[in-house]
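Shown next: coords_8.txt, containing compact mmCIF, C-alpha atoms.
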```
# COMPACT_ATOMS: atom_id res chain seq x y z
CA LEU A 1 10.72 173.15 121.51
CA PRO A 2 13.55 170.86 120.34
CA CYS A 3 12.32 167.66 118.69
CA ARG A 4 13.10 164.64 120.84
CA VAL A 5 14.11 161.76 118.58
CA PRO A 6 14.65 158.44 120.37
CA PRO A 7 18.36 157.51 120.18
CA LEU A 8 17.79 154.35 118.13
CA LEU A 9 16.03 156.22 115.31
CA MET A 10 18.83 158.78 114.79
CA PRO A 11 20.92 158.30 111.63
CA PRO A 12 24.21 156.43 112.21
CA SER A 13 27.34 158.54 112.72
CA PRO A 14 29.34 159.37 109.54
CA GLN A 15 32.26 157.33 110.91
CA THR A 16 30.51 153.94 110.62
CA ARG A 17 32.03 151.78 107.92
CA ALA A 18 29.88 148.59 108.06
CA ALA A 19 28.77 147.19 104.67
CA ARG A 20 29.15 150.59 103.00
CA VAL A 21 30.90 151.43 99.75
CA ARG A 22 32.71 154.74 100.21
CA VAL A 23 32.19 157.52 97.70
CA GLY A 24 35.09 157.72 95.22
CA LYS A 25 35.84 159.42 91.91
CA GLY A 26 32.72 158.18 90.09
CA ASP A 27 34.26 155.27 88.18
CA LYS A 28 33.32 152.41 90.57
CA PRO A 29 30.14 150.55 89.42
CA VAL A 30 28.00 149.54 92.38
CA THR A 31 24.91 147.27 92.48
CA TYR A 32 21.70 148.20 94.32
CA GLU A 33 22.60 145.76 97.08
CA GLN A 34 26.06 147.23 97.65
CA ALA A 35 24.94 150.85 97.33
CA HIS A 36 22.60 150.74 100.32
CA ALA A 37 23.87 150.65 103.90
CA PRO A 38 22.56 148.07 106.41
CA HIS A 39 20.21 150.52 108.11
CA TYR A 40 18.12 150.46 104.92
CA ILE A 41 17.25 146.76 105.38
CA ALA A 42 13.43 146.40 105.52
CA HIS A 43 13.12 149.96 104.17
CA ARG A 44 14.87 149.96 100.81
CA LYS A 45 16.56 146.56 100.90
CA GLY A 46 15.29 143.05 101.41
CA TRP A 47 16.92 140.12 103.14
CA LEU A 48 19.49 137.90 101.46
CA SER A 49 18.80 134.89 103.64
CA LEU A 50 15.25 134.01 104.70
CA HIS A 51 14.79 131.59 107.57
CA THR A 52 12.93 131.43 110.84
CA GLY A 53 16.03 131.20 113.07
CA ASN A 54 16.04 134.90 113.99
CA LEU A 55 12.36 135.16 114.96
CA ALA A 56 11.46 135.48 118.64
CA GLU A 57 11.50 132.13 120.51
CA GLU A 58 12.64 130.19 117.45
CA PRO A 59 15.73 127.97 117.59
CA GLY A 60 18.55 127.48 115.11
CA ALA A 61 19.85 131.00 114.39
CA ALA A 62 23.52 130.11 114.79
CA GLU A 63 23.26 126.93 112.68
CA ARG A 64 21.57 128.83 109.85
CA ALA A 65 24.22 131.57 110.03
CA VAL A 66 27.05 129.05 109.69
CA GLU A 67 25.28 127.29 106.82
CA ASP A 68 24.74 130.63 105.07
CA ALA A 69 28.41 131.57 105.37
CA PHE A 70 29.49 128.21 103.96
CA LEU A 71 26.97 128.36 101.11
CA ARG A 72 28.04 131.84 100.05
CA ARG A 73 31.72 130.82 99.91
CA PHE A 74 30.78 127.61 98.11
CA PHE A 75 28.89 129.45 95.38
CA TYR A 76 31.56 132.12 95.10
CA GLY A 77 33.96 129.27 94.33
CA THR A 78 31.76 127.09 92.07
CA PHE A 79 30.88 129.98 89.76
CA PRO A 80 34.17 131.86 89.58
CA GLY A 81 33.79 135.34 88.16
CA VAL A 82 30.25 134.67 86.92
CA LEU A 83 28.16 135.67 89.96
CA ALA A 84 26.49 139.00 89.21
CA ASP A 85 24.98 139.63 92.62
CA GLU A 86 24.77 138.18 96.12
CA VAL A 87 23.32 134.70 96.58
CA VAL A 88 19.75 134.67 97.97
CA LEU A 89 18.95 131.71 100.25
CA LYS A 90 15.39 130.69 101.07
CA ARG A 91 14.43 127.92 103.45
CA ARG A 92 10.97 126.41 103.14
CA ALA A 93 10.47 123.59 105.66
CA ASN A 94 13.25 121.16 104.77
CA LEU A 95 13.91 122.57 101.33
CA LEU A 96 16.78 124.96 100.65
CA VAL A 97 16.25 127.15 97.59
CA VAL A 98 19.30 129.03 96.33
CA CYS A 99 18.63 131.88 93.91
CA LEU A 100 21.59 132.98 91.79
CA VAL A 101 22.00 135.76 89.26
CA LEU A 102 24.82 134.91 86.86
CA ALA A 103 26.51 136.77 84.06
CA ARG A 104 26.76 135.01 80.71
CA GLY A 105 30.37 133.95 80.94
CA LEU A 106 30.05 130.16 80.75
CA PRO A 107 28.52 127.99 78.01
CA PRO A 108 25.14 126.48 79.06
CA ALA A 109 26.48 122.90 79.16
CA LYS A 110 29.03 123.84 81.81
CA LEU A 111 26.37 125.77 83.73
CA TYR A 112 24.07 122.76 83.81
CA PHE A 113 26.90 120.56 85.04
CA LEU A 114 27.79 123.02 87.81
CA VAL A 115 24.14 123.30 88.87
CA GLY A 116 23.76 119.51 89.10
CA TYR A 117 27.09 119.16 90.90
CA ALA A 118 26.18 121.86 93.45
CA GLU A 119 22.70 120.48 94.06
CA THR A 120 23.78 116.85 94.63
CA LEU A 121 26.83 117.75 96.70
CA LEU A 122 24.93 120.13 98.96
CA SER A 123 21.95 117.79 99.41
CA HIS A 124 24.28 115.01 100.48
CA PHE A 125 26.20 117.37 102.74
CA TYR A 126 23.23 119.03 104.46
CA LYS A 127 20.84 116.02 104.23
CA CYS A 128 18.06 118.16 102.82
CA PRO A 129 16.76 118.80 99.27
CA VAL A 130 18.61 121.67 97.65
CA ARG A 131 17.21 123.48 94.61
CA LEU A 132 19.13 126.02 92.54
CA GLU A 133 17.24 128.71 90.65
CA LEU A 134 19.38 130.53 88.13
CA GLN A 135 18.93 133.70 86.20
CA THR A 136 21.44 134.94 83.64
CA VAL A 137 21.96 138.61 82.94
CA PRO A 138 24.10 140.19 80.19
CA GLY A 139 26.28 141.88 82.83
CA LYS A 140 26.28 143.16 86.38
CA VAL A 141 23.28 145.43 86.92
CA VAL A 142 24.78 148.76 87.92
CA TYR A 143 22.71 151.01 90.20
CA LYS A 144 25.14 153.91 90.36
CA TYR A 145 28.79 154.82 90.04
CA LEU A 146 30.59 155.90 93.20
CA ASN B 1 5.29 102.81 70.88
CA LEU B 2 3.58 106.15 70.27
CA MET B 3 -0.02 104.92 70.66
CA GLY B 4 0.53 104.22 74.34
CA VAL B 5 2.05 107.67 74.92
CA ARG B 6 -0.91 109.52 73.43
CA LEU B 7 -3.44 107.61 75.47
CA ALA B 8 -1.43 107.87 78.71
CA GLY B 9 -3.35 110.79 80.23
CA SER B 10 -6.76 110.27 78.66
CA HIS B 11 -9.56 108.48 80.48
CA VAL B 12 -9.82 105.48 78.16
CA ASP B 13 -10.10 102.81 80.86
CA THR B 14 -13.18 104.06 82.69
CA GLN B 15 -14.22 100.57 83.74
CA GLU B 16 -11.98 100.72 86.81
CA SER B 17 -13.67 102.10 89.94
CA LYS B 18 -12.78 105.71 90.64
CA THR B 19 -11.47 105.48 94.20
CA ASN B 20 -9.00 108.10 95.28
CA PRO B 21 -6.22 106.38 97.28
CA LEU B 22 -5.70 109.59 99.30
CA VAL B 23 -9.25 109.71 100.68
CA SER B 24 -10.07 107.32 103.52
CA ILE B 25 -13.45 106.88 105.19
CA SER B 26 -13.53 105.67 108.79
CA ASP B 27 -16.39 105.06 111.21
CA GLU B 28 -14.71 106.62 114.26
CA PRO B 29 -16.41 109.76 115.55
CA GLU B 30 -14.55 112.88 114.44
CA ILE B 31 -12.73 115.06 116.96
CA LEU B 32 -14.39 118.49 117.05
CA TYR B 33 -12.41 121.66 117.55
CA LYS B 34 -14.00 124.71 119.09
CA ARG B 35 -11.22 127.01 118.00
CA LEU B 36 -8.18 126.70 115.78
CA SER B 37 -5.69 129.46 116.51
CA LEU B 38 -2.86 130.15 114.04
CA LEU B 39 -0.14 132.52 115.19
CA VAL B 40 2.09 133.54 112.30
CA LYS B 41 5.41 135.24 112.99
CA GLY B 42 7.67 137.01 110.52
CA HIS B 43 10.21 139.76 110.06
CA ASP B 44 8.42 141.42 107.14
CA LYS B 45 4.97 142.94 107.71
CA ALA B 46 4.09 142.97 104.01
CA VAL B 47 4.68 139.21 103.75
CA LEU B 48 2.42 138.62 106.76
CA ASP B 49 -0.31 140.81 105.27
CA SER B 50 -0.32 138.91 102.01
CA TYR B 51 -0.30 135.59 103.90
CA GLU B 52 -3.27 136.77 105.97
CA TYR B 53 -5.21 137.51 102.76
CA PHE B 54 -4.30 134.05 101.42
CA ALA B 55 -5.26 132.19 104.64
CA VAL B 56 -8.59 134.03 105.01
CA LEU B 57 -9.43 133.36 101.36
CA ALA B 58 -8.59 129.67 101.76
CA ALA B 59 -10.78 129.45 104.87
CA LYS B 60 -13.70 131.10 103.07
CA GLU B 61 -13.35 128.78 100.09
CA LEU B 62 -13.42 125.73 102.37
CA GLY B 63 -16.42 127.14 104.25
CA ILE B 64 -14.60 127.62 107.56
CA SER B 65 -15.90 130.52 109.65
CA VAL B 66 -13.23 133.00 110.67
CA GLU B 67 -13.73 134.24 114.23
CA LYS B 68 -11.27 137.11 114.15
CA VAL B 69 -7.98 138.21 112.63
CA HIS B 70 -5.90 140.35 114.93
CA LYS B 71 -2.32 141.55 114.98
CA PRO B 72 -0.57 141.35 118.36
CA PRO B 73 2.05 144.08 118.83
CA LYS B 74 5.52 143.44 117.43
CA LYS B 75 8.44 142.38 119.62
CA ILE B 76 11.85 143.96 119.12
CA GLU B 77 14.92 142.15 120.48
CA ARG B 78 17.85 144.55 120.80
CA LEU B 79 21.51 143.66 121.28
CA THR B 80 24.35 146.00 122.15
CA LEU B 81 27.70 144.42 121.27
CA LEU B 82 31.29 145.58 121.22
CA LYS B 83 32.21 147.00 117.83
CA SER B 84 35.83 145.85 117.90
CA VAL B 85 37.38 142.42 118.23
CA HIS B 86 39.83 143.56 120.94
CA ILE B 87 39.46 146.45 123.49
CA TYR B 88 37.65 149.72 122.56
CA LYS B 89 34.93 149.26 125.14
CA LYS B 90 33.40 152.66 124.49
CA HIS B 91 32.51 151.88 120.89
CA ARG B 92 29.59 149.55 120.48
CA VAL B 93 27.19 148.37 117.78
CA GLN B 94 23.46 147.97 118.24
CA TYR B 95 21.33 145.42 116.38
CA GLU B 96 17.65 144.76 116.59
CA MET B 97 15.42 141.92 115.41
CA ARG B 98 11.77 142.71 114.86
CA THR B 99 9.15 139.97 114.97
CA HIS B 100 5.69 140.87 113.67
CA TYR B 101 2.72 138.68 114.62
CA MET B 102 -0.61 137.89 113.01
CA CYS B 103 -3.20 135.74 114.75
CA LEU B 104 -5.95 133.99 112.80
CA GLU B 105 -8.74 132.32 114.80
CA LEU B 106 -11.14 129.89 113.16
CA LYS B 107 -14.34 128.60 114.74
CA TYR B 108 -15.91 125.16 114.95
CA LEU B 109 -13.96 122.73 112.79
CA THR B 110 -13.88 118.96 112.46
CA SER B 111 -10.53 117.22 112.62
CA SER B 112 -10.54 116.32 108.93
CA THR B 113 -11.36 119.91 107.88
CA ALA B 114 -8.65 121.16 110.21
CA ALA B 115 -6.17 118.65 108.79
CA VAL B 116 -6.92 119.66 105.19
CA TYR B 117 -6.81 123.39 105.92
CA LEU B 118 -3.61 123.17 107.95
CA GLU B 119 -1.88 121.03 105.35
CA TYR B 120 -2.76 123.49 102.57
CA VAL B 121 -1.87 126.57 104.54
CA GLN B 122 1.39 125.13 105.88
CA ARG B 123 2.62 123.90 102.52
CA ASN B 124 2.29 127.47 101.29
CA LEU B 125 4.04 129.12 104.22
CA PRO B 126 6.48 131.68 102.80
CA GLU B 127 10.15 131.36 103.70
CA GLY B 128 11.17 133.28 106.79
CA VAL B 129 7.72 132.91 108.36
CA ALA B 130 6.93 130.63 111.28
CA MET B 131 3.55 129.37 112.45
CA GLU B 132 2.23 128.07 115.78
CA VAL B 133 -1.08 126.23 115.87
CA LYS B 134 -3.28 125.83 118.95
CA LYS B 135 -6.36 123.65 118.79
CA THR B 136 -9.15 123.77 121.38
CA LYS B 137 -10.92 120.40 121.48
CA ILE B 138 -14.57 119.91 122.43
CA GLU B 139 -15.12 116.79 124.52
CA LYS B 140 -18.22 115.28 126.05
CA ILE B 141 -18.50 115.80 129.82
CA PRO B 142 -17.26 112.57 131.43
CA GLU B 143 -20.06 110.42 132.86
CA HIS B 144 -19.07 110.76 136.49
CA ILE B 145 -19.57 114.56 136.39
CA GLN B 146 -22.77 114.71 134.37
CA GLU B 147 -25.05 114.70 137.38
CA PRO B 148 -24.28 116.52 140.65
CA VAL B 149 -22.95 114.22 143.38
CA TRP B 150 -25.63 115.11 145.90
CA ASP B 151 -28.33 113.79 143.56
CA THR B 152 -26.71 110.40 143.13
CA LEU B 153 -26.06 109.56 146.80
CA PRO B 154 -28.49 107.00 148.27
CA GLN B 155 -31.24 108.72 150.24
CA VAL B 156 -30.45 108.62 153.94
CA GLU B 157 -33.47 108.58 156.25
CA GLU B 158 -33.56 111.70 158.33
CA THR B 159 -33.02 110.97 161.97
CA GLU B 160 -33.31 113.88 164.26
CA VAL B 161 -30.83 113.89 167.04
CA LYS B 162 -32.10 115.84 169.98
CA SER B 163 -29.38 117.05 172.17
```
Using structure tokens, write down the structure that the file contains.
Amino acid sequence: LPCRVPPLLMPPSPQTRAARVRVGKGDKPVTYEQAHAPHYIAHRKGWLSLHTGNLAEEPGAAERAVEDAFLRRFFYGTFPGVLADEVVLKRRANLLVVCLVLARGLPPAKLYFLVGYAETLLSHFYKCPVRLELQTVPGKVVYKYL
Amino acid sequence: NLMGVRLAGSHVDTQESKTNPLVSISDEPEILYKRLSLLVKGHDKAVLDSYEYFAVLAAKELGISVEKVHKPPKKIERLTLLKSVHIYKKHRVQYEMRTHYMCLELKYLTSSTAAVYLEYVQRNLPEGVAMEVKKTKIEKIPEHIQEPVWDTLPQVEETEVKS
């Protein structure tokens, strides 16, 4: 008897291109986050932005999405070339915790200034306490080469 | 002045009365709750499991009796949207959002115990997890219902009407 798999559990077609890094010659370094396709979220990947907007019967999904987009562009610009991985945003009640993984490209004094600048600017902009949690790594953590 | 710094945390001045400004004692009768129901929602089942362990442990430490812990079935919200910005109606993308639930029911609390427990448990809510609280109050039966009406009516003398 043929196995009846419900249509939503079948693997996506090979033509989908969403959030996937295509296989190349083997010289492209790719992080764990980039290497996994979006259907691995909750299986092999976690979430980059944690808030209650997308839960059933909870309001505020669109507002959080817009804030997330702005925050990611903001951090991509404040730490040019130094961000080693995607920004992780966590919202606990009113508090916004931003977790960054940075490469060691800037001297610590400049890093501290940028952290303070980002925190004060964002707290005044979003009217909520913003906390930055940094981690520096020697270089981008490569999962595999594609 | 270094002497002051060293003695800052130590209990040198024990002559002052030790009253905690956060604790208040009032003479009003406490509101009693028959049941305190916490419904916790999240996207990640593992997070909810660890939060359940934490909440049950906190209840046991405070001496609150746990009635039951059950997990209502998850709800999946599915969307089918057009894949392209313009035309290409036959090519769509499907997304789904899963919400897992965990319901914790606690028995027989006073309002101050409930306030303390809820404050502790809510301050430690993980990100991405929402909570709904339902409290079932116990109230005294109002005086006008305590006795049946037919007992309180003045006794009417029985007059037989012969038709």
Checklist entry - Between B:Tyr120, B:Glu127, B:Ser111, B:His86, which is the closest to B:Glu28 once you count only C-alpha atoms? => result B:Ser111
Item to check | A:Gly116 surroundings by only C-alpha atoms, 12 Å radius, close-in-sequence under 4 positions cut, as a list of chain:residue names | outcome: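 Contacts, in chain order: A:Thr78, A:Ala109, A:Lys110, A:Leu111, A:Tyr112, A:Thr120, A:Leu121, A:Leu122, A:Ser123, A:Val130, A:Arg131, A:Leu132, A:Glu133, A:Leu134.
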Next on the checklist: With distances taken over all atoms listed in the file, which residue among A:Ala19, A:Pro108, A:Asp85, A:Thr136 lies nearest A:Thr31?
Outcome noted: A:Asp85
Proximity check chain B to chain A, 6 Å, nearest pairs one decimal Å, only C-alpha atoms, as JSON lines:
```
{"residue": "B:Thr99", "atom": "CA", "partner": "A:Leu55", "partner_atom": "CA", "distance": 5.8}
{"residue": "B:Glu127", "atom": "CA", "partner": "A:Arg92", "partner_atom": "CA", "distance": 5.0}
{"residue": "B:Gly128", "atom": "CA", "partner": "A:His51", "partner_atom": "CA", "distance": 4.1}
{"residue": "B:Val129", "atom": "CA", "partner": "A:Thr52", "partner_atom": "CA", "distance": 6.0}
```
Item to check | Nearby residues (all atoms listed in the file) at most 12 Å from stretch 22-28 of chain A, same-chain spacing under 3 positions excluded, as a PyMOL selection string | outcome: chain A and resi 14-19+31+34-37+142-146
Next on the checklist: Just to confirm, what's the straight-line distance from atom CA of B:Met97 to atom CA of A:Tyr76 in Å (one decimal)?
Outcome noted: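 Going from atom CA of B:Met97 over to atom CA of A:Tyr76, I get 27.7 Å.
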Checklist entry - Quick one: residues within 9 Å of B:His70, all atoms listed in the file counted, chain neighbours fewer than 5 positions away excluded, as a list in words? => result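 The residues satisfying every condition are Tyr101, Met102, Cys103, Leu104 and Glu105 of chain B.
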Checklist entry - Could you work out how far atom CA of B:Lys137 lies from atom CA of B:Asp27, giving the answer in Å with one decimal? => result 19.3 Å
Item to check | Polymer residues at most 7 Å from B:Lys135, all atoms listed in the file, same-chain spacing of 3 or more positions, as a PyMOL selection string | outcome: chain B and resi 33+35-37
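Distance-wise, atom CA of B:Ile141 and atom CA of B:Ser112 end up 22.4 Å apart.
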Next on the checklist: Calculated over all atoms listed in the file, which of the candidates B:Leu82, B:Val23, B:Leu38, B:Ala46 has the smallest distance to B:Val66?
Outcome noted: B:Leu38
Checklist entry - In terms of the shortest atom-to-atom distance over all atoms listed in the file, which of B:Leu22, B:Lys71, B:Thr80, B:Val93 is closest to B:Asp49? => result B:Lys71
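Proximity to B:Val133 was assessed for B:Lys45, B:Ala55, B:Val40, B:Pro148 counting all atoms listed in the file; the smallest distance is recorded for B:Val40.
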Item to check | Residue among B:Pro154, B:Leu106, B:Ser24, B:His91 lying closest to B:Glu67, counting only C-alpha atoms | outcome: B:Leu106
Next on the checklist: Show me the residues around (-15.0, 120.7, 109.6) - criterion: an atom at most 9 Å away, all atoms listed in the file counted - as a list in words.
Outcome noted: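 Applying the cut-off with all atoms listed in the file, one gets Leu32, Tyr33, Leu62, Gly63, Ile64, Tyr108, Leu109, Thr110, Ser111, Ser112, Thr113 and Ala114 of chain B.
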Coords for stretch 87-99 of chain B, all heavy atoms, as a PDB file, in the first residue's frame:
```pdb
ATOM      1  N   ILE B  87       1.153  38.918 -10.064  1.00  0.00           N
ATOM      2  CA  ILE B  87       0.650  37.747 -10.818  1.00  0.00           C
ATOM      3  C   ILE B  87       1.240  36.427 -10.291  1.00  0.00           C
ATOM      4  O   ILE B  87       1.630  36.336  -9.151  1.00  0.00           O
ATOM      5  CB  ILE B  87       0.813  37.907 -12.357  1.00  0.00           C
ATOM      6  CG1 ILE B  87       2.234  38.206 -12.765  1.00  0.00           C
ATOM      7  CG2 ILE B  87      -0.105  39.000 -12.832  1.00  0.00           C
ATOM      8  CD1 ILE B  87       2.420  38.170 -14.310  1.00  0.00           C
ATOM      9  N   TYR B  88       1.237  35.394 -11.092  1.00  0.00           N
ATOM     10  CA  TYR B  88       1.624  34.031 -10.704  1.00  0.00           C
ATOM     11  C   TYR B  88       0.717  33.507  -9.610  1.00  0.00           C
ATOM     12  O   TYR B  88       1.127  33.233  -8.485  1.00  0.00           O
ATOM     13  CB  TYR B  88       3.102  33.940 -10.273  1.00  0.00           C
ATOM     14  CG  TYR B  88       4.033  34.380 -11.351  1.00  0.00           C
ATOM     15  CD1 TYR B  88       4.830  35.511 -11.186  1.00  0.00           C
ATOM     16  CD2 TYR B  88       4.089  33.721 -12.573  1.00  0.00           C
ATOM     17  CE1 TYR B  88       5.653  35.950 -12.199  1.00  0.00           C
ATOM     18  CE2 TYR B  88       4.907  34.154 -13.585  1.00  0.00           C
ATOM     19  CZ  TYR B  88       5.688  35.273 -13.396  1.00  0.00           C
ATOM     20  OH  TYR B  88       6.497  35.714 -14.389  1.00  0.00           O
ATOM     21  N   LYS B  89      -0.577  33.396  -9.962  1.00  0.00           N
ATOM     22  CA  LYS B  89      -1.558  32.970  -8.961  1.00  0.00           C
ATOM     23  C   LYS B  89      -1.404  31.512  -8.605  1.00  0.00           C
ATOM     24  O   LYS B  89      -1.826  31.080  -7.538  1.00  0.00           O
ATOM     25  CB  LYS B  89      -2.958  33.239  -9.542  1.00  0.00           C
ATOM     26  CG  LYS B  89      -4.093  33.074  -8.582  1.00  0.00           C
ATOM     27  CD  LYS B  89      -4.088  34.142  -7.498  1.00  0.00           C
ATOM     28  CE  LYS B  89      -5.306  34.022  -6.622  1.00  0.00           C
ATOM     29  NZ  LYS B  89      -6.327  35.009  -6.920  1.00  0.00           N
ATOM     30  N   LYS B  90      -0.838  30.704  -9.504  1.00  0.00           N
ATOM     31  CA  LYS B  90      -0.768  29.282  -9.216  1.00  0.00           C
ATOM     32  C   LYS B  90       0.341  28.921  -8.259  1.00  0.00           C
ATOM     33  O   LYS B  90       0.420  27.795  -7.802  1.00  0.00           O
ATOM     34  CB  LYS B  90      -0.537  28.515 -10.520  1.00  0.00           C
ATOM     35  CG  LYS B  90      -1.736  28.470 -11.411  1.00  0.00           C
ATOM     36  CD  LYS B  90      -1.443  27.584 -12.601  1.00  0.00           C
ATOM     37  CE  LYS B  90      -2.389  27.951 -13.735  1.00  0.00           C
ATOM     38  NZ  LYS B  90      -1.994  27.315 -14.984  1.00  0.00           N
ATOM     39  N   HIS B  91       1.238  29.836  -7.959  1.00  0.00           N
ATOM     40  CA  HIS B  91       2.372  29.515  -7.094  1.00  0.00           C
ATOM     41  C   HIS B  91       2.185  30.204  -5.758  1.00  0.00           C
ATOM     42  O   HIS B  91       2.157  31.428  -5.671  1.00  0.00           O
ATOM     43  CB  HIS B  91       3.685  29.948  -7.749  1.00  0.00           C
ATOM     44  CG  HIS B  91       3.888  29.297  -9.079  1.00  0.00           C
ATOM     45  ND1 HIS B  91       3.400  29.813 -10.237  1.00  0.00           N
ATOM     46  CD2 HIS B  91       4.502  28.131  -9.406  1.00  0.00           C
ATOM     47  CE1 HIS B  91       3.703  29.009 -11.240  1.00  0.00           C
ATOM     48  NE2 HIS B  91       4.373  27.987 -10.762  1.00  0.00           N
ATOM     49  N   ARG B  92       2.004  29.408  -4.737  1.00  0.00           N
ATOM     50  CA  ARG B  92       1.720  29.984  -3.423  1.00  0.00           C
ATOM     51  C   ARG B  92       2.715  29.493  -2.404  1.00  0.00           C
ATOM     52  O   ARG B  92       3.443  28.532  -2.628  1.00  0.00           O
ATOM     53  CB  ARG B  92       0.326  29.592  -2.980  1.00  0.00           C
ATOM     54  CG  ARG B  92      -0.710  29.771  -4.057  1.00  0.00           C
ATOM     55  CD  ARG B  92      -1.860  30.535  -3.576  1.00  0.00           C
ATOM     56  NE  ARG B  92      -2.838  30.668  -4.636  1.00  0.00           N
ATOM     57  CZ  ARG B  92      -4.037  31.149  -4.462  1.00  0.00           C
ATOM     58  NH1 ARG B  92      -4.412  31.543  -3.278  1.00  0.00           N
ATOM     59  NH2 ARG B  92      -4.865  31.246  -5.483  1.00  0.00           N
ATOM     60  N   VAL B  93       2.700  30.164  -1.221  1.00  0.00           N
ATOM     61  CA  VAL B  93       3.577  29.765  -0.115  1.00  0.00           C
ATOM     62  C   VAL B  93       2.679  29.492   1.086  1.00  0.00           C
ATOM     63  O   VAL B  93       1.708  30.209   1.298  1.00  0.00           O
ATOM     64  CB  VAL B  93       4.541  30.901   0.276  1.00  0.00           C
ATOM     65  CG1 VAL B  93       5.508  30.452   1.326  1.00  0.00           C
ATOM     66  CG2 VAL B  93       5.263  31.399  -0.924  1.00  0.00           C
ATOM     67  N   GLN B  94       3.013  28.459   1.849  1.00  0.00           N
ATOM     68  CA  GLN B  94       2.209  28.157   3.022  1.00  0.00           C
ATOM     69  C   GLN B  94       3.032  28.345   4.272  1.00  0.00           C
ATOM     70  O   GLN B  94       4.156  27.857   4.380  1.00  0.00           O
ATOM     71  CB  GLN B  94       1.694  26.724   2.961  1.00  0.00           C
ATOM     72  CG  GLN B  94       0.629  26.568   1.912  1.00  0.00           C
ATOM     73  CD  GLN B  94       0.063  25.181   1.907  1.00  0.00           C
ATOM     74  OE1 GLN B  94       0.797  24.209   1.987  1.00  0.00           O
ATOM     75  NE2 GLN B  94      -1.244  25.089   1.813  1.00  0.00           N
ATOM     76  N   TYR B  95       2.459  29.055   5.261  1.00  0.00           N
ATOM     77  CA  TYR B  95       3.113  29.236   6.556  1.00  0.00           C
ATOM     78  C   TYR B  95       2.201  28.680   7.625  1.00  0.00           C
ATOM     79  O   TYR B  95       0.988  28.641   7.466  1.00  0.00           O
ATOM     80  CB  TYR B  95       3.341  30.727   6.844  1.00  0.00           C
ATOM     81  CG  TYR B  95       4.251  31.414   5.880  1.00  0.00           C
ATOM     82  CD1 TYR B  95       3.754  32.300   4.930  1.00  0.00           C
ATOM     83  CD2 TYR B  95       5.627  31.208   5.923  1.00  0.00           C
ATOM     84  CE1 TYR B  95       4.595  32.939   4.051  1.00  0.00           C
ATOM     85  CE2 TYR B  95       6.469  31.844   5.043  1.00  0.00           C
ATOM     86  CZ  TYR B  95       5.940  32.709   4.110  1.00  0.00           C
ATOM     87  OH  TYR B  95       6.778  33.355   3.247  1.00  0.00           O
ATOM     88  N   GLU B  96       2.792  28.287   8.734  1.00  0.00           N
ATOM     89  CA  GLU B  96       1.954  27.875   9.849  1.00  0.00           C
ATOM     90  C   GLU B  96       2.567  28.384  11.145  1.00  0.00           C
ATOM     91  O   GLU B  96       3.773  28.525  11.265  1.00  0.00           O
ATOM     92  CB  GLU B  96       1.780  26.355   9.905  1.00  0.00           C
ATOM     93  CG  GLU B  96       3.027  25.572  10.208  1.00  0.00           C
ATOM     94  CD  GLU B  96       2.727  24.093  10.357  1.00  0.00           C
ATOM     95  OE1 GLU B  96       1.845  23.582   9.649  1.00  0.00           O
ATOM     96  OE2 GLU B  96       3.382  23.457  11.184  1.00  0.00           O
ATOM     97  N   MET B  97       1.669  28.684  12.114  1.00  0.00           N
ATOM     98  CA  MET B  97       2.129  29.150  13.422  1.00  0.00           C
ATOM     99  C   MET B  97       1.532  28.221  14.463  1.00  0.00           C
ATOM    100  O   MET B  97       0.315  28.106  14.568  1.00  0.00           O
ATOM    101  CB  MET B  97       1.638  30.585  13.664  1.00  0.00           C
ATOM    102  CG  MET B  97       2.409  31.584  12.854  1.00  0.00           C
ATOM    103  SD  MET B  97       1.753  33.230  12.954  1.00  0.00           S
ATOM    104  CE  MET B  97       0.443  33.146  11.790  1.00  0.00           C
ATOM    105  N   ARG B  98       2.411  27.544  15.197  1.00  0.00           N
ATOM    106  CA  ARG B  98       1.942  26.574  16.178  1.00  0.00           C
ATOM    107  C   ARG B  98       1.963  27.202  17.557  1.00  0.00           C
ATOM    108  O   ARG B  98       2.964  27.774  17.973  1.00  0.00           O
ATOM    109  CB  ARG B  98       2.844  25.343  16.194  1.00  0.00           C
ATOM    110  CG  ARG B  98       2.788  24.592  14.921  1.00  0.00           C
ATOM    111  CD  ARG B  98       3.561  23.317  14.989  1.00  0.00           C
ATOM    112  NE  ARG B  98       3.462  22.624  13.717  1.00  0.00           N
ATOM    113  CZ  ARG B  98       3.982  21.437  13.474  1.00  0.00           C
ATOM    114  NH1 ARG B  98       4.642  20.815  14.424  1.00  0.00           N
ATOM    115  NH2 ARG B  98       3.842  20.880  12.292  1.00  0.00           N
ATOM    116  N   THR B  99       0.854  27.062  18.281  1.00  0.00           N
ATOM    117  CA  THR B  99       0.802  27.543  19.667  1.00  0.00           C
ATOM    118  C   THR B  99       0.565  26.350  20.576  1.00  0.00           C
ATOM    119  O   THR B  99      -0.482  25.705  20.509  1.00  0.00           O
ATOM    120  CB  THR B  99      -0.352  28.545  19.852  1.00  0.00           C
ATOM    121  OG1 THR B  99      -0.283  29.516  18.830  1.00  0.00           O
ATOM    122  CG2 THR B  99      -0.248  29.225  21.192  1.00  0.00           C
TER     123      THR B  99
END
```
